[in-house]
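*Asks:* structure.txt is reproduced in full below (compact mmCIF, C-alpha atoms).
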# COMPACT_ATOMS: atom_id res chain seq x y z
CA MET A 24 65.72 -45.13 -170.52
CA LYS A 25 69.11 -43.44 -170.26
CA SER A 26 70.00 -41.31 -167.30
CA LYS A 27 72.86 -39.02 -168.16
CA SER A 28 73.25 -37.67 -164.62
CA LYS A 29 73.50 -41.20 -163.20
CA ASN A 30 76.05 -42.12 -165.85
CA LEU A 31 78.26 -39.12 -165.10
CA PRO A 32 80.85 -41.03 -163.03
CA VAL A 33 81.01 -43.70 -165.74
CA ARG A 34 81.47 -41.04 -168.42
CA ILE A 35 84.24 -39.36 -166.42
CA LEU A 36 85.96 -42.72 -165.88
CA LYS A 37 85.70 -43.55 -169.57
CA ILE A 38 87.25 -40.19 -170.52
CA TRP A 39 90.00 -40.85 -168.02
CA PHE A 40 90.64 -44.28 -169.58
CA ASP A 41 90.70 -42.64 -173.03
CA VAL A 42 93.35 -40.21 -171.83
CA VAL A 43 95.36 -42.97 -170.14
CA LEU A 44 95.23 -45.10 -173.28
CA VAL A 45 96.31 -42.30 -175.60
CA VAL A 46 98.88 -40.64 -173.34
CA GLY A 47 100.08 -43.87 -171.71
CA GLY A 48 100.28 -45.69 -175.01
CA ALA A 49 102.17 -42.88 -176.72
CA ALA A 50 104.49 -42.36 -173.73
CA THR A 51 105.23 -46.07 -173.47
CA LEU A 52 105.94 -46.30 -177.17
CA LEU A 53 108.21 -43.26 -177.11
CA PHE A 54 109.97 -44.45 -173.97
CA VAL A 55 110.54 -47.94 -175.32
CA VAL A 56 111.72 -46.64 -178.70
CA TRP A 57 114.03 -44.22 -176.95
CA LEU A 58 115.37 -46.96 -174.67
CA ALA A 59 115.81 -49.37 -177.56
CA PHE A 60 117.67 -46.91 -179.73
CA SER A 61 119.54 -44.96 -177.06
CA PRO A 62 122.70 -47.10 -177.40
CA PHE A 63 122.87 -46.26 -181.08
CA LEU A 64 122.56 -42.54 -180.36
CA MET A 65 125.46 -42.46 -177.89
CA ALA A 66 128.50 -40.67 -179.25
CA ASP A 67 131.10 -43.08 -177.92
CA GLY A 68 129.27 -46.13 -179.23
CA ASP A 69 129.11 -47.62 -175.76
CA THR A 70 125.88 -49.24 -174.61
CA PRO A 71 125.57 -48.62 -170.89
CA ALA A 72 122.18 -49.52 -169.46
CA ASP A 73 120.70 -50.16 -166.07
CA ALA A 74 119.71 -53.70 -165.25
CA THR A 75 118.11 -54.89 -162.04
CA VAL A 76 117.86 -58.38 -160.64
CA GLN A 77 115.91 -59.48 -157.58
CA VAL A 78 118.23 -60.79 -154.90
CA VAL A 79 118.14 -61.99 -151.37
CA VAL A 80 121.08 -61.79 -148.99
CA GLY A 81 121.95 -64.95 -147.14
CA GLU A 82 120.19 -68.28 -146.96
CA ARG A 83 117.02 -68.60 -149.02
CA SER A 84 114.12 -69.66 -146.85
CA TRP A 85 110.67 -68.32 -145.94
CA ILE A 86 112.48 -65.64 -143.99
CA PRO A 87 115.83 -64.91 -145.65
CA VAL A 88 118.60 -65.03 -143.11
CA PHE A 89 122.16 -63.73 -143.26
CA LYS A 90 124.36 -64.64 -140.34
CA LEU A 91 126.83 -61.95 -139.37
CA ASP A 92 130.25 -62.66 -137.98
CA TYR A 93 130.81 -61.35 -134.48
CA GLU A 94 133.78 -59.38 -135.79
CA GLN A 95 131.55 -57.58 -138.28
CA ILE A 96 129.50 -55.93 -135.54
CA GLU A 97 131.39 -52.96 -134.30
CA GLY A 98 130.55 -51.85 -130.79
CA ALA A 99 128.94 -55.20 -130.02
CA PRO A 100 130.54 -55.49 -126.56
CA ASP A 101 128.96 -52.20 -125.48
CA LEU A 102 125.49 -53.77 -125.72
CA GLU A 103 126.77 -57.21 -124.79
CA ILE A 104 125.76 -58.48 -128.24
CA ARG A 105 126.97 -62.02 -128.87
CA ASP A 106 125.30 -62.86 -132.13
CA ALA A 107 123.42 -61.03 -134.90
CA THR A 108 121.45 -62.02 -137.95
CA LEU A 109 120.12 -60.00 -140.87
CA VAL A 110 116.59 -61.10 -141.72
CA LYS A 111 114.24 -60.33 -144.58
CA THR A 112 117.06 -58.98 -146.65
CA ASP A 113 115.27 -58.98 -149.99
CA GLY A 114 116.44 -56.38 -152.41
CA GLU A 115 117.47 -55.43 -155.88
CA LEU A 116 120.94 -55.59 -157.33
CA ARG A 117 121.11 -52.75 -159.78
CA PHE A 118 124.07 -52.40 -162.07
CA VAL A 119 125.18 -50.61 -165.20
CA THR A 120 126.00 -52.99 -167.98
CA SER A 121 127.13 -52.88 -171.55
CA SER A 122 125.48 -56.18 -172.31
CA TRP A 123 123.14 -55.87 -175.30
CA TRP A 124 120.84 -58.70 -174.33
CA LEU A 125 120.41 -57.42 -170.76
CA HIS A 126 119.61 -54.00 -172.16
CA PHE A 127 116.97 -55.34 -174.52
CA LEU A 128 115.60 -57.65 -171.83
CA THR A 129 114.95 -54.58 -169.68
CA VAL A 130 113.28 -52.79 -172.60
CA GLY A 131 111.20 -55.89 -173.37
CA GLU A 132 110.09 -56.22 -169.76
CA ILE A 133 108.95 -52.59 -169.64
CA MET A 134 107.17 -52.98 -172.98
CA LEU A 135 105.41 -56.21 -171.97
CA GLY A 136 104.28 -54.76 -168.63
CA SER A 137 102.95 -51.65 -170.35
CA VAL A 138 101.13 -53.68 -173.01
CA ILE A 139 99.41 -55.76 -170.32
CA ILE A 140 98.33 -52.64 -168.37
CA LEU A 141 97.09 -50.92 -171.56
CA TYR A 142 95.23 -54.07 -172.61
CA VAL A 143 93.44 -54.26 -169.25
CA ILE A 144 92.53 -50.55 -169.46
CA TRP A 145 91.31 -51.10 -173.04
CA ASN A 146 89.05 -53.92 -171.80
CA LEU A 147 87.74 -51.77 -168.95
CA ARG A 148 87.03 -48.97 -171.42
CA LYS A 149 85.01 -51.34 -173.62
CA LEU A 150 83.11 -52.45 -170.51
CA LEU A 151 82.29 -48.82 -169.65
CA ILE A 152 81.04 -48.20 -173.20
CA ASN A 153 78.60 -51.10 -172.72
CA VAL A 154 77.52 -49.63 -169.38
CA LEU A 155 76.92 -46.26 -171.06
CA ASP A 156 74.81 -48.05 -173.67
CA ASP A 157 72.65 -49.36 -170.78
CA ARG A 158 74.04 -52.89 -171.20
CA PRO A 159 75.89 -53.47 -167.91
CA PHE A 160 75.18 -57.20 -168.08
CA ALA A 161 76.14 -57.66 -171.73
CA ALA A 162 77.75 -61.05 -172.38
CA ALA A 163 80.94 -59.30 -173.49
CA ASN A 164 81.41 -57.56 -170.12
CA GLY A 165 81.91 -60.74 -168.13
CA ARG A 166 84.18 -62.07 -170.85
CA LEU A 167 86.29 -58.88 -170.85
CA LEU A 168 86.76 -58.99 -167.08
CA ARG A 169 87.56 -62.70 -167.01
CA ARG A 170 90.04 -62.34 -169.88
CA SER A 171 91.77 -59.45 -168.07
CA GLY A 172 91.79 -61.46 -164.84
CA TYR A 173 93.42 -64.46 -166.50
CA ILE A 174 96.09 -62.29 -168.12
CA ILE A 175 96.87 -60.52 -164.83
CA LEU A 176 97.09 -63.87 -163.02
CA ILE A 177 99.31 -65.42 -165.70
CA ALA A 178 101.56 -62.35 -165.67
CA ALA A 179 101.64 -62.39 -161.85
CA ALA A 180 102.70 -66.05 -161.92
CA LEU A 181 105.24 -65.85 -164.73
CA TRP A 182 106.85 -62.52 -163.83
CA PRO A 183 108.55 -63.73 -160.61
CA LEU A 184 109.70 -66.88 -162.40
CA ALA A 185 111.25 -64.83 -165.20
CA ASP A 186 112.85 -62.53 -162.63
CA TYR A 187 114.15 -65.54 -160.73
CA ALA A 188 115.62 -67.10 -163.86
CA LEU A 189 117.38 -63.86 -164.78
CA SER A 190 118.65 -63.32 -161.22
CA ASP A 191 119.82 -66.92 -161.10
CA TYR A 192 121.71 -66.53 -164.36
CA VAL A 193 123.32 -63.22 -163.35
CA LEU A 194 124.29 -64.47 -159.89
CA SER A 195 125.74 -67.66 -161.33
CA THR A 196 128.04 -65.48 -163.40
CA VAL A 197 128.91 -62.69 -160.97
CA SER A 198 129.35 -62.61 -157.23
CA VAL A 199 129.86 -59.88 -154.66
CA THR A 200 132.67 -60.37 -152.18
CA ASN A 201 131.61 -60.87 -148.54
CA ILE A 202 127.90 -60.80 -149.37
CA ASP A 203 126.08 -64.06 -149.95
CA LEU A 204 123.65 -63.09 -152.73
CA ARG A 205 121.02 -65.50 -154.03
CA PRO A 206 118.18 -65.11 -156.55
CA ALA A 207 114.93 -64.08 -154.93
CA ILE A 208 111.36 -64.93 -155.80
CA THR A 209 109.27 -61.83 -155.30
CA LEU A 210 105.61 -62.81 -155.44
CA GLU A 211 103.30 -60.30 -157.12
CA LYS A 212 100.71 -60.48 -154.33
CA ASP A 213 98.82 -57.32 -155.33
CA ALA A 214 98.57 -58.45 -158.95
CA PHE A 215 97.25 -61.84 -157.78
CA VAL A 216 94.53 -60.18 -155.70
CA VAL A 217 93.61 -57.82 -158.57
CA GLY A 218 93.53 -60.73 -161.03
CA LEU A 219 91.28 -62.75 -158.71
CA LEU A 220 88.97 -59.76 -158.23
CA PHE A 221 88.69 -59.36 -162.01
CA LEU A 222 87.85 -63.05 -162.31
CA VAL A 223 85.23 -62.95 -159.55
CA PHE A 224 83.54 -59.84 -160.98
CA GLY A 225 83.72 -61.37 -164.46
CA ILE A 226 81.93 -64.49 -163.18
CA ILE A 227 79.32 -62.31 -161.43
CA LEU A 228 78.67 -60.33 -164.62
CA THR A 229 78.40 -63.51 -166.70
CA ARG A 230 75.89 -64.96 -164.23
CA GLY A 231 74.03 -61.64 -164.27
CA HIS A 232 73.89 -61.83 -168.06
CA GLU A 233 72.50 -65.39 -167.94
CA LEU A 234 69.82 -64.39 -165.43
CA GLN A 235 68.91 -61.31 -167.46
CA GLU A 236 68.53 -63.42 -170.61
CA HIS A 237 66.36 -65.89 -168.71
CA GLU A 238 64.24 -63.01 -167.40
CA GLN A 239 63.85 -61.60 -170.92
CA GLU A 240 62.75 -65.01 -172.22
CA LEU A 241 60.17 -65.24 -169.45
CA GLU A 242 58.95 -61.71 -170.21
CA GLU A 243 58.67 -62.58 -173.90
CA GLU A 244 56.76 -65.74 -173.10
CA GLN A 245 54.52 -63.79 -170.74
CA ALA A 246 53.82 -61.21 -173.46
CA LEU A 247 52.85 -63.96 -175.90
CA THR A 248 50.63 -65.77 -173.42
CA ILE A 249 47.03 -65.06 -174.40
CA MET B 9 54.97 -74.31 -183.76
CA PRO B 10 53.30 -77.73 -184.18
CA ILE B 11 50.13 -76.58 -182.37
CA GLN B 12 47.75 -74.93 -184.83
CA VAL B 13 44.90 -72.67 -183.64
CA ASN B 14 41.90 -73.13 -185.93
CA LEU B 15 40.16 -69.94 -184.92
CA ASP B 16 39.41 -68.78 -188.46
CA LEU B 17 37.51 -71.98 -189.22
CA MET B 18 35.40 -71.71 -186.09
CA LEU B 19 34.68 -68.02 -186.72
CA VAL B 20 33.43 -68.84 -190.22
CA LYS B 21 31.30 -71.68 -188.86
CA ARG B 22 29.77 -69.40 -186.18
CA LYS B 23 29.59 -66.42 -188.57
CA MET B 24 31.40 -64.25 -186.07
CA SER B 25 34.07 -61.59 -186.53
CA LEU B 26 37.37 -61.50 -184.69
CA THR B 27 36.43 -58.17 -183.09
CA GLU B 28 33.12 -59.53 -181.83
CA LEU B 29 34.80 -62.60 -180.37
CA ALA B 30 37.42 -60.44 -178.68
CA ASP B 31 34.68 -58.35 -177.08
CA ARG B 32 32.73 -61.39 -175.93
CA VAL B 33 35.74 -63.19 -174.45
CA GLY B 34 37.13 -60.02 -172.91
CA ILE B 35 40.57 -59.96 -174.48
CA THR B 36 42.07 -57.38 -176.79
CA LEU B 37 41.83 -57.73 -180.55
CA ALA B 38 45.63 -57.58 -180.71
CA ASN B 39 45.95 -60.60 -178.43
CA LEU B 40 43.31 -62.52 -180.33
CA SER B 41 45.16 -61.74 -183.57
CA ILE B 42 48.37 -63.15 -182.05
CA LEU B 43 46.42 -66.31 -181.22
CA ASN B 44 44.80 -66.39 -184.66
CA THR B 45 48.15 -66.06 -186.47
CA ASN B 46 49.74 -68.82 -184.37
CA LYS B 47 52.29 -66.48 -182.81
CA ALA B 48 51.16 -67.17 -179.24
CA ARG B 49 53.55 -69.09 -177.02
CA ALA B 50 50.91 -70.14 -174.48
CA VAL B 51 47.14 -69.98 -173.91
CA ARG B 52 45.58 -69.42 -170.50
CA PHE B 53 42.84 -71.82 -169.46
CA THR B 54 40.59 -68.81 -168.81
CA THR B 55 41.07 -67.65 -172.42
CA LEU B 56 40.45 -71.14 -173.76
CA GLU B 57 37.37 -71.40 -171.56
CA GLY B 58 36.06 -68.07 -172.93
CA LEU B 59 36.72 -69.08 -176.53
CA CYS B 60 34.99 -72.47 -176.11
CA ARG B 61 32.05 -70.81 -174.37
CA GLU B 62 31.53 -68.13 -177.03
CA LEU B 63 32.19 -70.40 -180.00
CA ASP B 64 30.29 -73.29 -178.46
CA CYS B 65 33.03 -75.80 -179.15
CA GLN B 66 35.55 -78.09 -177.47
CA PRO B 67 39.26 -77.20 -177.01
CA GLY B 68 40.11 -79.97 -179.46
CA GLU B 69 38.19 -78.21 -182.18
CA LEU B 70 40.24 -75.05 -181.67
CA LEU B 71 43.65 -76.62 -181.22
CA GLU B 72 45.29 -79.10 -183.56
CA TYR B 73 48.64 -80.83 -183.34
CA LEU B 74 50.58 -80.89 -186.62
CA GLU B 75 53.83 -82.75 -187.30
CA GLU B 76 56.83 -80.42 -187.85
CA ASN B 77 57.21 -81.40 -191.54
CA GLN B 78 53.54 -80.87 -192.32
Mind converting the file's structure to structure tokens?
*Replies:*
Amino acid sequence: MKSKSKNLPVRILKIWFDVVLVVGGAATLLFVVWLAFSPFLMADGDTPADATVQVVVGERSWIPVFKLDYEQIEGAPDLEIRDATLVKTDGELRFVTSSWWLHFLTVGEIMLGSVIILYVIWNLRKLLINVLDDRPFAAANGRLLRRSGYIILIAAALWPLADYALSDYVLSTVSVTNIDLRPAITLEKDAFVVGLLFLVFGIILTRGHELQEHEQELEEEQALTI
Amino acid sequence: MPIQVNLDLMLVKRKMSLTELADRVGITLANLSILNTNKARAVRFTTLEGLCRELDCQPGELLEYLEENQ
């Protein structure tokens, strides 16, 4: 009992996922290949590349704080300012480097992030195919959502740690005069929420599948009750 | 299924056809065939009552428990 009109939004979404997978996958591949090989293509043989590390200015605490010297605040007497503090000074330290490993680390990070996003979209696409086949509560659907949720949560947990480790390494090697830079942990809050939502919906679909199977068994038993 | 329905035997004894029994009991021939071929998962008391009434027998004569390896 298929209803094509009712499935129209699902069909449109599936087509959109198809396009994202093909275009996104190809673009990511091209971009990563280009990034990876760009140093070799440069005429002067140099390997400049952008690298970014997450930093926080000042003392690391729940609210980062950077105390300013009174002398640093020009015009302070006009407003009778006696003291000033920079707060929430999270940011990114972006620099151009010739370091090979930093360059490939950047490429690897982009590639890994893209692979995770494409994998999640691939799973959602498979889920939509099941919905189009009138099997919204297929056992695979809950599994696909839960698997995506776990991967998003793992990535959301490990990404800041990897960023922190890199920032820590870079800042232990270089320093910026007059600015107290420290490695920052930037929590991927949105990814955590998305991962949890995937998990919750995955559990709901799995439970739906179990109930549907139970219902089918009852129906079968009912049909064979004389 | 270890429960065997001995409907064939009773029908032979009573010289009755499956169609006639279905009509008398008030169930479809298809359902009676399911029962006769031991594909039924459950039997309603009302059906059993009808079968016993029309075949003039006890439930124990219709149903038999067999061991799995038999």
*Asks:* Using only C-alpha atoms, which residues of chain A come within 12 Å of chain B, and what is the closest atom pair for each, with the distance in Å to one decimal? Give it as CSV, sorted by chain and residue number.
*Replies:*
residue,atom,partner,partner_atom,distance
A:Glu240,CA,B:Arg49,CA,11.2
A:Leu241,CA,B:Arg49,CA,10.8
A:Glu242,CA,B:Arg49,CA,11.4
A:Glu243,CA,B:Arg49,CA,8.9
A:Glu244,CA,B:Arg49,CA,6.1
A:Gln245,CA,B:Ala50,CA,8.2
A:Ala246,CA,B:Arg49,CA,8.7
A:Leu247,CA,B:Ala48,CA,4.9
A:Thr248,CA,B:Ala50,CA,4.5
A:Ile249,CA,B:Val51,CA,4.9
*Asks:* In terms of the shortest atom-to-atom distance over all atoms listed in the file, which of A:Leu109, A:Val76, A:Ile177, A:Val154 is closest to A:Asp92?
*Replies:*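 Closest residue, counting all atoms listed in the file: A:Leu109.
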*Asks:* By how many Å are atom CA of A:Val223 and atom CA of A:Phe40 apart?
*Replies:* 21.9 Å
*Asks:* Which polymer residues have any atom within 7 Å of an atom of B:Ile11, counting only C-alpha atoms, with same-chain residues fewer than 2 positions away left out, as a ChimeraX atom specification?
*Replies:* /B:9,13,71-74
*Asks:* Taking C-alpha atoms for each residue, export the selection above as a short mmCIF file (atom, residue, chain, number, x, y, z; two decimals), keeping the file's coordinate frame.
*Replies:*
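again_22.cif, written as the output of this step:
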data_model
loop_
_atom_site.label_atom_id
_atom_site.label_comp_id
_atom_site.auth_asym_id
_atom_site.auth_seq_id
_atom_site.Cartn_x
_atom_site.Cartn_y
_atom_site.Cartn_z
CA MET B 9 54.97 -74.31 -183.76
CA VAL B 13 44.90 -72.67 -183.64
CA LEU B 71 43.65 -76.62 -181.22
CA GLU B 72 45.29 -79.10 -183.56
CA TYR B 73 48.64 -80.83 -183.34
CA LEU B 74 50.58 -80.89 -186.62
#
*Asks:* Find the spatial neighbours of A:Val78, counting all atoms listed in the file, within a cut-off of 12 Å - ignore same-chain residues fewer than 6 positions away - and output them as a list in words.
*Replies:*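 Non-adjacent residues within range: Pro87, Lys111, Thr112, Asp113, Gly114, Glu115, Leu116, Arg117, Pro183, Asp186, Tyr187, Ala188, Leu189, Ser190, Asp191, Tyr192, Val193, Leu194, Ser198, Val199, Ile202, Asp203, Leu204, Arg205, Pro206, Ala207, Ile208 and Thr209 of chain A.
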*Asks:* Skip stretch 46-61 of chain A itself and residues of its chain fewer than 4 positions away, then list as a list in words all residues within 8 Å of it, counting all atoms listed in the file.
*Replies:* Val42, Met65, Phe127, Val130, Ile133, Met134, Ser137 and Leu141 of chain A
*Asks:* Name the closest residue to A:Leu91 among the candidates A:Thr129, A:Asn201, A:Ser121, A:Asn146; distances are taken between atoms, counting only C-alpha atoms.
*Replies:*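 Closest to A:Leu91 of all the choices is A:Asn201.
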*Asks:* Within 10 Å of B:Arg32, counting only C-alpha atoms, which residues qualify if same-chain residues fewer than 4 places away don't, as a CSV table (one decimal) with C-alpha atoms, in the coordinates of the input?
*Replies:*
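Resulting contents of part.csv:
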chain,number,residue,atom,x,y,z
B,26,LEU,CA,37.4,-61.5,-184.7
B,27,THR,CA,36.4,-58.2,-183.1
B,28,GLU,CA,33.1,-59.5,-181.8
B,58,GLY,CA,36.1,-68.1,-172.9
B,59,LEU,CA,36.7,-69.1,-176.5
B,61,ARG,CA,32.0,-70.8,-174.4
B,62,GLU,CA,31.5,-68.1,-177.0
B,63,LEU,CA,32.2,-70.4,-180.0
*Asks:* Just how far from atom CA of A:Leu125 is atom CA of A:Asp73, in Å to one decimal?
*Replies:*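 If I compute the distance from atom CA of A:Asp73 to atom CA of A:Leu125, I get 8.6 Å.
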*Asks:* So which residues touch A:Val143 within 7 Å, counting all atoms listed in the file, skipping near sequence neighbours fewer than 4 positions away, as a ChimeraX atom specification?
*Replies:* /A:139,147,171
*Asks:* What separation in Å, quoted to one decimal, exists between atom CA of B:Met18 and atom CA of B:Asn46?
*Replies:*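 Interatomic distance, atom CA of B:Met18 to atom CA of B:Asn46: 14.7 Å.
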*Asks:* Show me the residues close to (84.0, -61.3, -172.5) - anything with an atom within 12 Å, counting only C-alpha atoms - and format the list as a PDB file with C-alpha atoms, keeping the file's coordinate frame.
*Replies:*
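Once written, point-v5.pdb looks like this:
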ATOM      1  CA  ASN A 146      89.050 -53.920-171.800  1.00  0.00           C
ATOM      2  CA  LEU A 147      87.740 -51.770-168.950  1.00  0.00           C
ATOM      3  CA  LYS A 149      85.010 -51.340-173.620  1.00  0.00           C
ATOM      4  CA  LEU A 150      83.110 -52.450-170.510  1.00  0.00           C
ATOM      5  CA  ASN A 153      78.600 -51.100-172.720  1.00  0.00           C
ATOM      6  CA  PHE A 160      75.180 -57.200-168.080  1.00  0.00           C
ATOM      7  CA  ALA A 161      76.140 -57.660-171.730  1.00  0.00           C
ATOM      8  CA  ALA A 162      77.750 -61.050-172.380  1.00  0.00           C
ATOM      9  CA  ALA A 163      80.940 -59.300-173.490  1.00  0.00           C
ATOM     10  CA  ASN A 164      81.410 -57.560-170.120  1.00  0.00           C
ATOM     11  CA  GLY A 165      81.910 -60.740-168.130  1.00  0.00           C
ATOM     12  CA  ARG A 166      84.180 -62.070-170.850  1.00  0.00           C
ATOM     13  CA  LEU A 167      86.290 -58.880-170.850  1.00  0.00           C
ATOM     14  CA  LEU A 168      86.760 -58.990-167.080  1.00  0.00           C
ATOM     15  CA  ARG A 169      87.560 -62.700-167.010  1.00  0.00           C
ATOM     16  CA  ARG A 170      90.040 -62.340-169.880  1.00  0.00           C
ATOM     17  CA  SER A 171      91.770 -59.450-168.070  1.00  0.00           C
ATOM     18  CA  GLY A 172      91.790 -61.460-164.840  1.00  0.00           C
ATOM     19  CA  TYR A 173      93.420 -64.460-166.500  1.00  0.00           C
ATOM     20  CA  PHE A 221      88.690 -59.360-162.010  1.00  0.00           C
ATOM     21  CA  LEU A 222      87.850 -63.050-162.310  1.00  0.00           C
ATOM     22  CA  PHE A 224      83.540 -59.840-160.980  1.00  0.00           C
ATOM     23  CA  GLY A 225      83.720 -61.370-164.460  1.00  0.00           C
ATOM     24  CA  ILE A 226      81.930 -64.490-163.180  1.00  0.00           C
ATOM     25  CA  LEU A 228      78.670 -60.330-164.620  1.00  0.00           C
ATOM     26  CA  THR A 229      78.400 -63.510-166.700  1.00  0.00           C
ATOM     27  CA  HIS A 232      73.890 -61.830-168.060  1.00  0.00           C
TER      28      HIS A 232
END
